[in-house]
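Colleague: Take this structure first; my questions come after.
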Amino acid sequence: MMRLHVFNPEHDLALAAGRLRFTAPFAGRRLRRDVGFLPALWAAEDDVVLVDDMAVAQAALAPWTVMAGVRLADRAMLTRLMRSHEITEVCPWGWDLALRHELSACGVPAALMPSDEALERIRAVSHRAWAARHLLPRLLSVPGTVGEAWQVRSVDEVRQLAARHAGLVVKAPWSSSGRGVSYLPGRSGLGTAEIDGPAANRMSNIIGKQGSVMVEPLYDRVADFGVEFVSDGHGQVGCLGLSLFQTRNGAYTGNIVDSEPEKRRRLAAKVSLLLVDRVTARVAEVLSPLFDGVYAGPFGLDMMVVRTDGGLMLHPCVELNLRMTMGHVALALADGRHALPATMRVDFDGNYHFSLSPSC
């Protein structure tokens, strides 16, 4: 079996566009060029990793230890490789119309890629409203959890919610890692969120492009973390492990790479592990039938510990990512080839750099 891996970090934006031909913003294109080698770190022997620029990818991969026989290939090389019909499976960061169109142009057969109907199902489930409607309410049956989310289609509806909450978070329906997120803090003593001209314009722009925005209360966040899963597409969802990640102003900055027992020990200082385990089991119970015939592959669920009047509680469904996540990358790197614990980061200094450094 020879698998083709693709790191397409622009995936969420491609879902929002919903087009065959999609050009990512410059930052997305640069991230894919600079970090496109990433799947080589977990690829198996004789697997192929599609990259935009061979020279950049080879230089970035040079310090890393990878499985013997893993090959990098640009689009021209992939086209030649496909003539020999060696690829038997395609493993992207996430499936969308634009990626399928790109791979089809390289000769990847339709049989190795999702159909139009399957891609539409993936896009629908990736919309934040899907998790707010089908997953969050059923996770709230676990004692110790909290969370609300509303899909709204006008700025006036946001203002109405603002009148009832001390602060709001407004999110684009298809977005991730802190992108497409606006915070509307409450005015002291008034209990309403300020919606100024720029904020209203941002929301109107998202509504115009994506049809709605998702609105949530602004919680007193204590800690972020995630749980990584995999679905076989036939009614079985399994947990792969925890993702302990770091954020700044709501945006992803890095992951802790460590053994599962050590990650659980760290998390236990902030939230009951019994509660996390109950929620994790509930996620698998709820999504196993819902993903049957709908989605096969990795996915992640971001959660957070929040401070409430009743004490610390768990928000069990902050973000559902129907794709690979940096948490999956961290799990792949905690395989004995690297000293643990470590911190995994993607930094930017004009170019993007993926790094793994020892941590305490």
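Labeling convention for the structure tokens: chains A, B, ... as they appear, residues from 1 per chain, ligands from 1 in order of appearance.
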Find the residues around range 79-91 of chain A up to 12 Å (only C-alpha atoms counted), leave out those fewer than 6 positions away in its own chain, and share them as a PyMOL selection string.
Modeller: chain A and resi 1-8+39-40+42-44+46-50+71-73+99-100+102-114+296-298+323-324
Colleague: Pick out the residues sitting within 10 Å of Pro143 in chain A, and hand them over as a ChimeraX atom specification; count only C-alpha atoms, and ignore anything fewer than 6 positions along from it in its own chain.
Modeller: /A:275,278-279,313-314
Colleague: Restricted to N, CA and C atoms, what would the selected residues look like written as an mmCIF file, in the first residue's frame?
Modeller:
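To be explicit, this is the file written out as part-v1.cif:
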data_model
loop_
_atom_site.group_PDB
_atom_site.id
_atom_site.type_symbol
_atom_site.label_atom_id
_atom_site.label_comp_id
_atom_site.auth_asym_id
_atom_site.auth_seq_id
_atom_site.Cartn_x
_atom_site.Cartn_y
_atom_site.Cartn_z
ATOM 1 N N LEU A 275 -14.644 13.520 34.430
ATOM 2 C CA LEU A 275 -15.558 14.301 33.592
ATOM 3 C C LEU A 275 -15.102 14.263 32.136
ATOM 4 N N ARG A 278 -15.874 10.888 30.668
ATOM 5 C CA ARG A 278 -17.312 10.710 30.412
ATOM 6 C C ARG A 278 -17.739 11.449 29.141
ATOM 7 N N VAL A 279 -17.217 12.672 28.975
ATOM 8 C CA VAL A 279 -17.544 13.441 27.776
ATOM 9 C C VAL A 279 -16.969 12.762 26.539
ATOM 10 N N MET A 313 -16.276 24.509 35.250
ATOM 11 C CA MET A 313 -17.067 23.581 34.453
ATOM 12 C C MET A 313 -16.372 23.342 33.114
ATOM 13 N N LEU A 314 -16.815 22.329 32.412
ATOM 14 C CA LEU A 314 -16.210 21.962 31.136
ATOM 15 C C LEU A 314 -17.139 22.344 29.989
#
Colleague: Can you list, as an MDAnalysis selection string, every protein, DNA or RNA residue that comes within 12 Å of Gly310 in chain A when you count only C-alpha atoms, leaving out same-chain residues fewer than 3 positions away?
Modeller: chainID A and resid 144:146 306:307 313:314
Colleague: Take the residues from that selection and write them out as a JSON list (two decimals), in the first residue's frame, keeping all heavy atoms.
Modeller:
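Below is the file that was written, again_12.json:
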[["chain", "number", "residue", "atom", "x", "y", "z"],
["A", 144, "GLY", "N", -21.68, 18.67, 34.91],
["A", 144, "GLY", "CA", -20.42, 19.39, 35.00],
["A", 144, "GLY", "C", -20.04, 20.11, 33.72],
["A", 144, "GLY", "O", -18.96, 20.68, 33.62],
["A", 145, "THR", "N", -20.94, 20.08, 32.73],
["A", 145, "THR", "CA", -20.66, 20.72, 31.45],
["A", 145, "THR", "C", -21.53, 21.96, 31.28],
["A", 145, "THR", "O", -22.58, 22.10, 31.89],
["A", 145, "THR", "CB", -20.91, 19.77, 30.27],
["A", 145, "THR", "OG1", -22.27, 19.30, 30.32],
["A", 145, "THR", "CG2", -19.97, 18.57, 30.33],
["A", 146, "VAL", "N", -21.07, 22.85, 30.40],
["A", 146, "VAL", "CA", -21.79, 24.09, 30.13],
["A", 146, "VAL", "C", -21.48, 24.49, 28.70],
["A", 146, "VAL", "O", -20.43, 24.15, 28.16],
["A", 146, "VAL", "CB", -21.36, 25.20, 31.11],
["A", 146, "VAL", "CG1", -19.90, 25.58, 30.91],
["A", 146, "VAL", "CG2", -22.26, 26.42, 31.00],
["A", 306, "VAL", "N", -13.96, 26.41, 32.04],
["A", 306, "VAL", "CA", -14.40, 27.79, 32.26],
["A", 306, "VAL", "C", -14.81, 27.98, 33.72],
["A", 306, "VAL", "O", -15.24, 27.05, 34.39],
["A", 306, "VAL", "CB", -15.57, 28.15, 31.32],
["A", 306, "VAL", "CG1", -15.15, 28.02, 29.87],
["A", 306, "VAL", "CG2", -16.79, 27.30, 31.60],
["A", 307, "ARG", "N", -14.66, 29.21, 34.18],
["A", 307, "ARG", "CA", -15.06, 29.57, 35.54],
["A", 307, "ARG", "C", -16.48, 30.13, 35.50],
["A", 307, "ARG", "O", -16.77, 31.05, 34.73],
["A", 307, "ARG", "CB", -14.09, 30.59, 36.12],
["A", 307, "ARG", "CG", -14.33, 30.94, 37.59],
["A", 307, "ARG", "CD", -13.27, 31.86, 38.11],
["A", 307, "ARG", "NE", -11.99, 31.19, 38.28],
["A", 307, "ARG", "CZ", -10.93, 31.35, 37.49],
["A", 307, "ARG", "NH1", -11.01, 32.19, 36.45],
["A", 307, "ARG", "NH2", -9.79, 30.72, 37.70],
["A", 313, "MET", "N", -16.28, 24.51, 35.25],
["A", 313, "MET", "CA", -17.07, 23.58, 34.45],
["A", 313, "MET", "C", -16.37, 23.34, 33.11],
["A", 313, "MET", "O", -15.46, 24.10, 32.74],
["A", 313, "MET", "CB", -18.49, 24.11, 34.25],
["A", 313, "MET", "CG", -19.26, 24.33, 35.54],
["A", 313, "MET", "SD", -21.01, 24.75, 35.28],
["A", 313, "MET", "CE", -21.68, 23.13, 34.88],
["A", 314, "LEU", "N", -16.81, 22.33, 32.41],
["A", 314, "LEU", "CA", -16.21, 21.96, 31.14],
["A", 314, "LEU", "C", -17.14, 22.34, 29.99],
["A", 314, "LEU", "O", -18.30, 21.93, 29.95],
["A", 314, "LEU", "CB", -15.94, 20.46, 31.09],
["A", 314, "LEU", "CG", -15.38, 19.90, 29.79],
["A", 314, "LEU", "CD1", -13.99, 20.46, 29.50],
["A", 314, "LEU", "CD2", -15.34, 18.37, 29.82]]
Colleague: Tell me, which residues of range 131-357 of chain A carry DSSP strand (DSSP E), written as a PyMOL selection string?
Modeller: chain A and resi 150-152+168-171+181-184+213-217+220-232+237-243+245-248+251-257+296-308+311-321+342-348+352-357
Colleague: Would you please work out which residue, of A:Gly235, A:Ser355, A:Lys270, A:Ser288, is nearest to Leu333 in chain A when using only C-alpha atoms?
Modeller: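 Of A:Gly235, A:Ser355, A:Lys270, A:Ser288, the one nearest Leu333 in chain A, counting only C-alpha atoms, is A:Ser355.
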Colleague: Based on DSSP run over this structure's backbone, return all residues of range 159-322 of chain A in alpha helix (DSSP H), as an MDAnalysis selection string.
Modeller: chainID A and resid 159:162 197:210 260:268 273:290
Colleague: Take CA of Trp174 in chain A and CA of Glu120 in chain A and report the distance between them in Å, one decimal.
Modeller: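 Separation of CA of Trp174 in chain A and CA of Glu120 in chain A: 13.4 Å.
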Colleague: So which one's closest to Gly197 in chain A, A:Ala98, A:Val237, A:Val155, A:Leu15? Using only C-alpha atoms, please.
Modeller: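 Closest to Gly197 in chain A of all the choices is A:Val155.
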